[in-house]
file entry16.txt (compact mmCIF, C-alpha atoms and all ligand atoms)
# COMPACT_ATOMS: atom_id res chain seq x y z
CA MET A 208 13.59 -6.14 11.45
CA ALA A 209 11.07 -3.30 11.49
CA LYS A 210 8.47 -5.66 12.85
CA ALA A 211 10.66 -6.57 15.83
CA ILE A 212 11.16 -2.90 16.67
CA MET A 213 7.42 -2.27 16.37
CA LYS A 214 6.76 -5.10 18.81
CA LEU A 215 9.13 -3.56 21.36
CA VAL A 216 7.51 -0.15 20.98
CA VAL A 217 4.03 -1.62 21.42
CA LYS A 218 5.14 -3.50 24.55
CA LYS A 219 6.70 -0.36 25.99
CA ILE A 220 3.48 1.59 25.45
CA ALA A 221 1.45 -1.24 26.99
CA LEU A 222 3.68 -1.13 30.08
CA GLU A 223 3.26 2.63 30.31
CA ARG A 224 -0.51 2.24 30.20
CA ILE A 225 -0.38 -0.43 32.91
CA TYR A 226 1.60 1.89 35.19
CA ARG A 227 -0.80 4.74 34.46
CA LEU A 228 -3.86 2.59 35.21
CA PHE A 229 -2.39 1.47 38.53
CA GLU A 230 -1.71 5.11 39.37
CA LEU A 231 -5.35 5.95 38.64
CA ALA A 232 -6.53 2.95 40.65
CA GLU A 233 -4.54 4.17 43.65
CA ARG A 234 -5.87 7.71 43.30
CA ASN A 235 -9.51 6.60 43.01
CA PHE A 236 -9.31 3.93 45.67
CA LYS A 237 -10.77 6.00 48.50
CA LYS A 238 -13.62 7.73 46.70
CA HIS A 239 -14.51 5.23 43.97
CA PRO A 240 -13.40 1.70 44.85
CA GLU A 241 -15.44 0.23 41.99
CA ARG A 242 -13.57 2.48 39.56
CA SER A 243 -10.19 1.33 40.85
CA LYS A 244 -11.35 -2.24 40.38
CA ARG A 245 -12.12 -1.49 36.74
CA TYR A 246 -8.71 0.13 36.23
CA ILE A 247 -6.98 -2.99 37.52
CA GLU A 248 -9.15 -5.10 35.22
CA LEU A 249 -8.15 -2.98 32.23
CA ALA A 250 -4.47 -3.08 33.15
CA ARG A 251 -4.60 -6.87 33.37
CA LYS A 252 -6.40 -7.06 30.02
CA ILE A 253 -3.71 -4.89 28.40
CA ALA A 254 -1.00 -7.12 29.88
CA MET A 255 -2.73 -10.19 28.48
CA ARG A 256 -3.39 -8.68 25.06
CA TYR A 257 0.20 -7.52 24.49
CA ASN A 258 1.85 -10.36 26.38
CA VAL A 259 3.51 -8.06 28.90
CA ARG A 260 4.30 -9.13 32.44
CA ILE A 261 2.85 -6.96 35.19
CA PRO A 262 5.90 -5.66 37.09
CA PHE A 263 6.61 -7.25 40.49
CA GLU A 264 6.00 -4.09 42.48
CA LEU A 265 2.52 -3.76 40.93
CA LYS A 266 1.67 -7.43 41.26
CA GLN A 267 1.43 -7.14 45.02
CA LYS A 268 -1.04 -4.29 44.77
CA PHE A 269 -4.08 -6.12 43.47
CA CYS A 270 -6.15 -9.21 44.16
CA LYS A 271 -5.81 -11.86 41.48
CA LYS A 272 -9.30 -13.17 42.13
CA CYS A 273 -11.54 -10.10 42.36
CA ASN A 274 -9.25 -7.42 40.81
CA ALA A 275 -9.51 -5.20 43.90
CA PHE A 276 -6.77 -2.68 44.52
CA LEU A 277 -5.14 -3.74 47.78
CA LYS A 278 -4.02 -1.36 50.47
CA ALA A 279 -2.47 -2.82 53.61
CA GLY A 280 -4.62 -2.13 56.64
CA VAL A 281 -7.64 -1.03 54.63
CA ASN A 282 -8.72 -4.00 52.54
CA ALA A 283 -5.67 -6.22 52.79
CA LYS A 284 -4.04 -8.18 55.57
CA ILE A 285 -0.33 -8.94 55.41
CA ARG A 286 1.22 -11.69 57.50
CA VAL A 287 4.72 -13.13 57.45
CA SER A 288 5.44 -16.71 58.43
CA LYS A 289 8.54 -18.76 57.63
CA HIS A 290 9.86 -16.26 55.06
CA ILE A 291 6.58 -16.38 53.18
CA ILE A 292 4.53 -13.22 52.85
CA LYS A 293 0.80 -13.84 52.84
CA VAL A 294 -1.40 -11.09 51.44
CA THR A 295 -5.09 -11.65 52.13
CA CYS A 296 -7.75 -9.71 50.25
CA LEU A 297 -10.43 -8.78 52.75
CA GLU A 298 -13.04 -8.41 50.00
CA CYS A 299 -13.01 -12.00 48.77
CA ASN A 300 -10.69 -13.67 51.35
CA TYR A 301 -8.25 -14.83 48.69
CA THR A 302 -4.72 -15.29 50.05
CA ARG A 303 -1.71 -14.78 47.88
CA LYS A 304 1.68 -16.11 48.92
CA ILE A 305 4.79 -14.22 47.95
CA GLY A 306 8.31 -15.61 48.17
CA LYS A 307 7.53 -19.31 48.23
CA LYS A 308 7.83 -20.05 44.54
CA VAL A 309 11.02 -18.01 44.13
CA LYS A 310 12.74 -20.17 46.73
CA SER A 311 11.75 -23.49 45.14
CA ARG A 312 12.73 -22.21 41.70
CA LYS A 313 16.24 -21.40 42.94
CA LYS A 314 16.59 -24.92 44.34
CA GLY A 315 15.50 -26.37 41.00
CA ALA A 316 17.99 -24.21 39.16
CA ARG A 317 20.79 -25.48 41.39
CA LYS A 318 19.78 -29.10 40.74
CA ASN A 319 19.75 -28.47 37.00
CA LEU A 320 23.20 -26.91 37.20
CA ALA A 321 24.55 -29.96 39.00
CA ARG A 322 23.00 -32.20 36.37
CA SER A 323 24.51 -30.27 33.48
CA ARG A 324 27.98 -30.45 35.06
CA ARG A 325 27.93 -34.23 35.18
ZN ZN A 401 -10.08 -10.25 46.33

call {"tool": "encode", "arguments": {"input": "entry16.txt", "output": "structure tokens"}}
result
Amino acid sequence: MAKAIMKLVVKKIALERIYRLFELAERNFKKHPERSKRYIELARKIAMRYNVRIPFELKQKFCKKCNAFLKAGVNAKIRVSKHIIKVTCLECNYTRKIGKKVKSRKKGARKNLARSRR
């Protein structure tokens, strides 16, 4: 029982640290871009170590490939086509699609529901 509570506390602290690191990355983005890159790297490492998911609103703010902090219009390009948001990192040209997977997952869930009713 105590162990389960400890796990929750540890995860909560990890999440707090992730939020704090993203805040620092945003603040240092203009003057020290390499520092903000390191902050994102650390936040991702913390998430991996404590098995915490990086919140959705933060997930859009960094490049998965080169760990760069992304700011629309500065080092990121955002395009929308067919309900899919494409975020391109202008530092490594990696494009991340948002909204595509969510749609297909919903369809799958509906199919599974229909199957279970039969
Ligand atoms: Zn990148």

call {"tool": "closest_residue", "arguments": {"input": "entry16.txt", "among": "A:Ala221, A:Leu265, A:Cys270, A:Leu277", "to": "Ile253 in chain A", "atoms": "only C-alpha atoms"}}
result
A:Ala221

call {"tool": "closest_residue", "arguments": {"input": "entry16.txt", "among": "A:Ala275, A:Val287, A:Val281, A:Ile261", "to": "ligand ZN 401 (chain A)", "atoms": "all atoms listed in the file"}}
result
A:Ala275

call {"tool": "residues_around", "arguments": {"input": "entry16.txt", "residues": "Glu241 in chain A", "least_positions_apart": "6", "cutoff": "10 Å", "atoms": "all atoms listed in the file", "output": "JSON, numbers by chain"}}
result
{"A": [232, 235, 274, 275, 276]}

call {"tool": "atom_distance", "arguments": {"input": "entry16.txt", "atom1": "CA of Lys284 in chain A", "atom2": "CA of Cys296 in chain A"}}
result
6.7 Å

call {"tool": "closest_atom_pairs", "arguments": {"input": "entry16.txt", "of": "chain A", "to": "ligand ZN 401 (chain A)", "cutoff": "10 Å", "atoms": "only C-alpha atoms and all ligand atoms", "output": "CSV"}}
result
residue,atom,partner,partner_atom,distance
A:Phe269,CA,A:ZN401,ZN,7.8
A:Cys270,CA,A:ZN401,ZN,4.6
A:Lys271,CA,A:ZN401,ZN,6.7
A:Lys272,CA,A:ZN401,ZN,5.2
A:Cys273,CA,A:ZN401,ZN,4.2
A:Asn274,CA,A:ZN401,ZN,6.3
A:Ala275,CA,A:ZN401,ZN,5.6
A:Phe276,CA,A:ZN401,ZN,8.5
A:Leu277,CA,A:ZN401,ZN,8.3
A:Asn282,CA,A:ZN401,ZN,8.9
A:Ala283,CA,A:ZN401,ZN,8.8
A:Thr295,CA,A:ZN401,ZN,7.8
A:Cys296,CA,A:ZN401,ZN,4.6
A:Leu297,CA,A:ZN401,ZN,6.6
A:Glu298,CA,A:ZN401,ZN,5.1
A:Cys299,CA,A:ZN401,ZN,4.2
A:Asn300,CA,A:ZN401,ZN,6.1
A:Tyr301,CA,A:ZN401,ZN,5.5
A:Thr302,CA,A:ZN401,ZN,8.2
A:Arg303,CA,A:ZN401,ZN,9.6

call {"tool": "atom_distance", "arguments": {"input": "entry16.txt", "atom1": "CA of Lys210 in chain A", "atom2": "CA of Tyr257 in chain A"}}
result
14.4 Å

call {"tool": "atom_distance", "arguments": {"input": "entry16.txt", "atom1": "CA of Asn258 in chain A", "atom2": "CA of Val294 in chain A"}}
result
25.3 Å
